[in-house]
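K.L.:
Just one file: data25.txt, with compact mmCIF, C-alpha atoms.
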# COMPACT_ATOMS: atom_id res chain seq x y z
CA MET P 1 -57.08 -46.55 -90.42
CA ALA P 2 -54.85 -44.75 -92.92
CA SER P 3 -55.26 -47.58 -95.43
CA SER P 4 -59.06 -47.35 -95.16
CA MET P 5 -58.82 -43.60 -95.83
CA ILE P 6 -56.67 -44.25 -98.90
CA ARG P 7 -59.22 -46.84 -100.13
CA ALA P 8 -61.99 -44.29 -99.59
CA ALA P 9 -60.01 -41.70 -101.52
CA ALA P 10 -59.49 -44.25 -104.28
CA ALA P 11 -63.23 -44.88 -104.49
CA VAL P 12 -63.89 -41.13 -104.69
CA GLY P 13 -61.22 -40.76 -107.36
CA LEU P 14 -62.64 -43.59 -109.47
CA ALA P 15 -66.16 -42.23 -109.07
CA ALA P 16 -64.94 -38.83 -110.24
CA GLY P 17 -63.43 -40.41 -113.33
CA LEU P 18 -59.78 -40.07 -112.34
CA THR P 19 -57.62 -42.86 -113.70
CA GLY P 20 -53.94 -43.74 -114.03
CA THR P 21 -51.56 -40.82 -113.77
CA ALA P 22 -54.15 -38.19 -112.82
CA PHE P 23 -55.41 -40.33 -109.95
CA ALA P 24 -51.90 -41.24 -108.71
CA ALA P 25 -50.97 -37.55 -108.55
CA ALA P 26 -54.13 -36.79 -106.51
CA LEU P 27 -53.21 -39.21 -103.69
CA PRO P 28 -50.67 -38.41 -100.96
CA PRO P 29 -47.15 -39.59 -101.94
CA VAL P 30 -47.08 -42.51 -99.48
CA GLY P 31 -44.20 -44.97 -99.31
CA LEU P 32 -40.46 -44.76 -99.35
CA TRP P 33 -38.80 -41.98 -101.37
CA GLN P 34 -35.00 -41.83 -101.76
CA GLY P 35 -32.58 -39.32 -103.21
CA ARG P 36 -30.49 -36.45 -101.94
CA TYR P 37 -30.53 -32.92 -100.63
CA LYS P 38 -27.97 -30.22 -100.00
CA CYS P 39 -27.36 -28.22 -96.81
CA ALA P 40 -24.27 -26.85 -95.04
CA GLN P 41 -22.74 -30.34 -94.70
CA GLY P 42 -22.89 -30.80 -98.50
CA GLN P 43 -24.76 -33.34 -100.60
CA THR P 44 -26.53 -35.79 -98.30
CA ALA P 45 -28.55 -38.96 -98.91
CA LEU P 46 -32.20 -38.77 -97.88
CA ALA P 47 -34.77 -41.51 -97.36
CA LEU P 48 -38.24 -40.14 -96.64
CA GLN P 49 -40.86 -42.68 -95.50
CA ILE P 50 -44.35 -41.17 -95.81
CA THR P 51 -47.67 -42.47 -94.49
CA ALA P 52 -51.10 -40.85 -94.87
CA THR P 53 -53.39 -40.16 -91.95
CA SER P 54 -56.06 -38.73 -94.28
CA PRO P 55 -56.21 -37.73 -97.96
CA THR P 56 -54.51 -34.42 -97.03
CA ARG P 57 -52.51 -35.14 -93.83
CA VAL P 58 -49.27 -37.11 -93.69
CA HIS P 59 -46.56 -38.27 -91.30
CA ALA P 60 -42.98 -39.05 -92.30
CA VAL P 61 -39.57 -40.15 -91.11
CA PHE P 62 -36.66 -38.10 -92.54
CA TYR P 63 -33.55 -40.33 -92.50
CA PHE P 64 -30.26 -38.79 -93.68
CA HIS P 65 -26.84 -40.36 -94.16
CA ALA P 66 -23.59 -40.06 -96.08
CA LEU P 67 -23.08 -40.38 -99.81
CA ALA P 68 -19.89 -41.91 -101.22
CA SER P 69 -18.98 -38.41 -102.45
CA ASN P 70 -19.48 -36.94 -98.94
CA PRO P 71 -18.57 -39.73 -96.48
CA HIS P 72 -18.39 -37.60 -93.30
CA VAL P 73 -22.14 -37.05 -92.92
CA PRO P 74 -23.48 -38.98 -89.90
CA GLN P 75 -26.75 -40.91 -89.82
CA GLY P 76 -29.74 -39.28 -88.21
CA CYS P 77 -33.51 -39.10 -88.41
CA PHE P 78 -36.58 -37.30 -87.13
CA SER P 79 -40.33 -37.62 -87.46
CA MET P 80 -42.38 -35.09 -89.39
CA GLN P 81 -45.99 -34.19 -90.00
CA GLY P 82 -47.65 -32.10 -92.63
CA ARG P 83 -50.14 -31.72 -95.39
CA PHE P 84 -50.58 -32.68 -99.02
CA ASP P 85 -52.68 -30.63 -101.43
CA PRO P 86 -54.09 -32.99 -104.08
CA ALA P 87 -55.03 -30.10 -106.41
CA THR P 88 -51.48 -28.70 -106.63
CA ARG P 89 -49.60 -31.91 -105.65
CA ARG P 90 -47.71 -29.79 -103.04
CA LEU P 91 -46.31 -31.43 -99.92
CA HIS P 92 -45.30 -29.49 -96.78
CA LEU P 93 -43.63 -31.29 -93.88
CA SER P 94 -42.48 -29.90 -90.52
CA PRO P 95 -40.23 -31.71 -88.02
CA ILE P 96 -41.81 -32.81 -84.75
CA ARG P 97 -39.35 -35.09 -82.92
CA TRP P 98 -35.76 -36.28 -83.16
CA LEU P 99 -35.46 -40.06 -83.27
CA SER P 100 -31.66 -40.11 -83.64
CA GLN P 101 -29.83 -36.75 -83.53
CA PRO P 102 -26.14 -36.46 -84.40
CA PRO P 103 -24.23 -33.71 -82.53
CA PHE P 104 -24.56 -30.21 -84.02
CA TYR P 105 -27.30 -31.18 -86.50
CA VAL P 106 -30.62 -29.33 -86.68
CA TRP P 107 -33.84 -30.62 -88.16
CA THR P 108 -35.41 -29.03 -91.21
CA GLY P 109 -38.79 -28.74 -92.84
CA LEU P 110 -39.39 -29.31 -96.51
CA SER P 111 -41.78 -28.20 -99.22
CA GLY P 112 -42.06 -29.93 -102.54
CA THR P 113 -44.17 -31.01 -105.45
CA VAL P 114 -44.98 -34.50 -106.66
CA GLY P 115 -44.25 -34.55 -110.38
CA ALA P 116 -46.63 -35.81 -113.05
CA GLY P 117 -47.17 -39.53 -112.69
CA GLY P 118 -45.87 -39.57 -109.13
CA THR P 119 -42.33 -40.53 -110.19
CA VAL P 120 -40.44 -37.64 -108.59
CA LEU P 121 -40.71 -35.42 -105.52
CA THR P 122 -38.67 -32.22 -105.68
CA GLY P 123 -38.54 -29.03 -103.68
CA THR P 124 -36.65 -27.07 -101.06
CA ILE P 125 -35.26 -27.91 -97.65
CA GLN P 126 -36.12 -25.21 -95.10
CA GLY P 127 -32.98 -25.08 -92.99
CA PRO P 128 -29.68 -23.25 -92.54
CA ALA P 129 -27.65 -23.09 -95.77
CA CYS P 130 -30.01 -25.56 -97.46
CA THR P 131 -31.17 -25.63 -101.04
CA GLY P 132 -33.17 -28.30 -102.79
CA PHE P 133 -33.96 -31.99 -102.71
CA ALA P 134 -34.89 -34.58 -105.33
CA LEU P 135 -36.43 -37.94 -104.46
CA LYS P 136 -37.85 -40.92 -106.35
CA PRO P 137 -40.09 -43.73 -105.11
CA SER P 138 -38.07 -46.71 -103.95
CA ALA P 139 -38.86 -50.37 -103.32
CA THR P 140 -35.61 -51.04 -101.44
CA LEU P 141 -34.61 -49.92 -97.98
CA PRO P 142 -31.78 -47.36 -97.63
CA VAL P 143 -28.11 -48.38 -97.60
CA PRO P 144 -26.74 -48.09 -95.01
CA PRO P 145 -29.78 -49.27 -93.07
CA ALA P 146 -31.40 -46.74 -90.79
CA PRO P 147 -30.44 -46.99 -87.11
CA PRO P 148 -32.97 -48.90 -84.96
CA ALA P 149 -34.29 -45.61 -83.52
CA CYS P 150 -35.49 -44.60 -86.99
CA ARG P 151 -37.62 -47.73 -87.39
CA MET P 152 -38.06 -47.47 -91.15
CA ASP P 153 -39.65 -50.40 -92.93
CA GLN P 154 -41.80 -51.04 -95.96
CA ASN P 155 -44.93 -50.35 -93.90
CA GLY P 156 -43.93 -46.81 -93.01
CA PRO P 157 -42.73 -45.10 -89.87
CA THR P 158 -43.89 -46.53 -86.59
CA VAL P 159 -43.76 -43.23 -84.68
Could the structure of this file be written out as structure tokens, please?
P.N.:
Amino acid sequence: MASSMIRAAAAVGLAAGLTGTAFAAALPPVGLWQGRYKCAQGQTALALQITATSPTRVHAVFYFHALASNPHVPQGCFSMQGRFDPATRRLHLSPIRWLSQPPFYVWTGLSGTVGAGGTVLTGTIQGPACTGFALKPSATLPVPPAPPACRMDQNGPTV
């Protein structure tokens, strides 16, 4: 169903004369995005798998894990839902359910903007002692792989 909505949005975009970069920025930022964020535990790797449920509504899996520079961060993940504003390219996601929760960790929301051309997603993490995040689209799954409970794959979250 989500893919048919994206195709419908594509048809609308082409009919409106949007092409290339302008059209890509108007669609929800679906797919796998990888990078890092910073909260109380320090710099942390983040893989965010996003799927669209409509041109403005999205679901995601937020999978975090250690970086070589901060090896004591455990793996964990939770599902999220939110909205995407095609006009401003703003994305807002709120947590809805833990899939794999390490002890003493809390989930966080995030707000960000998809950069021109859809090559970067940056913004702020809404949690205790958190600052920003920076993500780029990725064609490869995270290393280390997400725990089975996180169920990340190239087709998006299965939650």
K.L.:
From the set P:Gly76, P:Gly132, P:Pro147, P:Gly118, which residue has the shortest atom-to-atom contact distance to Gln43 in chain P, counting all atoms listed in the file?
P.N.:
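Smallest distance to Gln43 in chain P is found for P:Gly132.
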K.L.:
Could you state the separation of CA of Gly42 in chain P and CA of Asp85 in chain P in Å, given to one decimal place?
P.N.:
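Going from CA of Gly42 in chain P over to CA of Asp85 in chain P covers 29.9 Å.
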K.L.:
So which residues touch Gln101 in chain P within 10 Å, counting only C-alpha atoms, skipping near sequence neighbours fewer than 6 positions away, as a PyMOL selection string?
P.N.:
chain P and resi 74-78+107+149
K.L.:
Any idea what the distance is between CA of Phe62 in chain P and CA of Ala47 in chain P?
P.N.:
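Rounded to one decimal, the two atoms are 6.2 Å apart.
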K.L.:
Counting all atoms listed in the file, which of P:Ala116, P:Thr44, P:Gly82, P:Val73 gets nearest to Pro103 in chain P?
P.N.:
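Ranked by minimum distance to Pro103 in chain P, first place goes to P:Val73.
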K.L.:
To one decimal place, how far is CA of Val30 in chain P from CA of Ala129 in chain P in Å?
P.N.:
27.7 Å
K.L.:
Taking all atoms listed in the file into account, which of P:Arg89, P:Arg36, P:Leu48, P:Ser100 comes nearest Ser69 in chain P?
P.N.:
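Of the candidates, the smallest distance to Ser69 in chain P is held by P:Arg36.
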K.L.:
Hey, could you patch up range 92-105 of chain P with N, CA, C and O atoms and hand it over as an mmCIF file, in the coordinates of the input?
P.N.:
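Once everything was written out, this is part.cif:
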data_model
loop_
_atom_site.group_PDB
_atom_site.id
_atom_site.type_symbol
_atom_site.label_atom_id
_atom_site.label_comp_id
_atom_site.auth_asym_id
_atom_site.auth_seq_id
_atom_site.Cartn_x
_atom_site.Cartn_y
_atom_site.Cartn_z
ATOM 1 N N HIS P 92 -46.005 -30.299 -97.786
ATOM 2 C CA HIS P 92 -45.300 -29.490 -96.780
ATOM 3 C C HIS P 92 -45.147 -30.344 -95.542
ATOM 4 O O HIS P 92 -46.141 -30.848 -95.010
ATOM 5 N N LEU P 93 -43.909 -30.498 -95.073
ATOM 6 C CA LEU P 93 -43.630 -31.290 -93.880
ATOM 7 C C LEU P 93 -42.826 -30.464 -92.880
ATOM 8 O O LEU P 93 -41.887 -29.762 -93.263
ATOM 9 N N SER P 94 -43.193 -30.580 -91.609
ATOM 10 C CA SER P 94 -42.480 -29.900 -90.520
ATOM 11 C C SER P 94 -41.975 -30.955 -89.536
ATOM 12 O O SER P 94 -42.674 -31.928 -89.243
ATOM 13 N N PRO P 95 -40.767 -30.747 -88.994
ATOM 14 C CA PRO P 95 -40.230 -31.710 -88.020
ATOM 15 C C PRO P 95 -40.992 -31.636 -86.709
ATOM 16 O O PRO P 95 -41.451 -30.573 -86.301
ATOM 17 N N ILE P 96 -41.128 -32.809 -86.045
ATOM 18 C CA ILE P 96 -41.810 -32.810 -84.750
ATOM 19 C C ILE P 96 -40.995 -33.475 -83.645
ATOM 20 O O ILE P 96 -41.170 -33.135 -82.486
ATOM 21 N N ARG P 97 -40.096 -34.430 -83.987
ATOM 22 C CA ARG P 97 -39.350 -35.090 -82.920
ATOM 23 C C ARG P 97 -38.113 -35.785 -83.475
ATOM 24 O O ARG P 97 -38.181 -36.522 -84.447
ATOM 25 N N TRP P 98 -36.984 -35.546 -82.820
ATOM 26 C CA TRP P 98 -35.760 -36.280 -83.160
ATOM 27 C C TRP P 98 -35.927 -37.730 -82.742
ATOM 28 O O TRP P 98 -36.392 -38.008 -81.638
ATOM 29 N N LEU P 99 -35.503 -38.645 -83.606
ATOM 30 C CA LEU P 99 -35.460 -40.060 -83.270
ATOM 31 C C LEU P 99 -34.013 -40.489 -83.043
ATOM 32 O O LEU P 99 -33.735 -41.349 -82.224
ATOM 33 N N SER P 100 -33.094 -39.860 -83.787
ATOM 34 C CA SER P 100 -31.660 -40.110 -83.640
ATOM 35 C C SER P 100 -30.939 -38.844 -84.126
ATOM 36 O O SER P 100 -30.879 -38.589 -85.330
ATOM 37 N N GLN P 101 -30.420 -38.040 -83.198
ATOM 38 C CA GLN P 101 -29.830 -36.750 -83.530
ATOM 39 C C GLN P 101 -28.321 -36.781 -83.391
ATOM 40 O O GLN P 101 -27.803 -36.941 -82.298
ATOM 41 N N PRO P 102 -27.592 -36.588 -84.507
ATOM 42 C CA PRO P 102 -26.140 -36.460 -84.400
ATOM 43 C C PRO P 102 -25.783 -35.093 -83.790
ATOM 44 O O PRO P 102 -26.546 -34.131 -83.931
ATOM 45 N N PRO P 103 -24.635 -34.998 -83.119
ATOM 46 C CA PRO P 103 -24.230 -33.710 -82.530
ATOM 47 C C PRO P 103 -24.168 -32.603 -83.582
ATOM 48 O O PRO P 103 -23.722 -32.830 -84.712
ATOM 49 N N PHE P 104 -24.625 -31.432 -83.218
ATOM 50 C CA PHE P 104 -24.560 -30.210 -84.020
ATOM 51 C C PHE P 104 -25.487 -30.192 -85.225
ATOM 52 O O PHE P 104 -25.409 -29.285 -86.039
ATOM 53 N N TYR P 105 -26.360 -31.169 -85.370
ATOM 54 C CA TYR P 105 -27.300 -31.180 -86.500
ATOM 55 C C TYR P 105 -28.632 -30.611 -86.048
ATOM 56 O O TYR P 105 -29.069 -30.822 -84.916
#
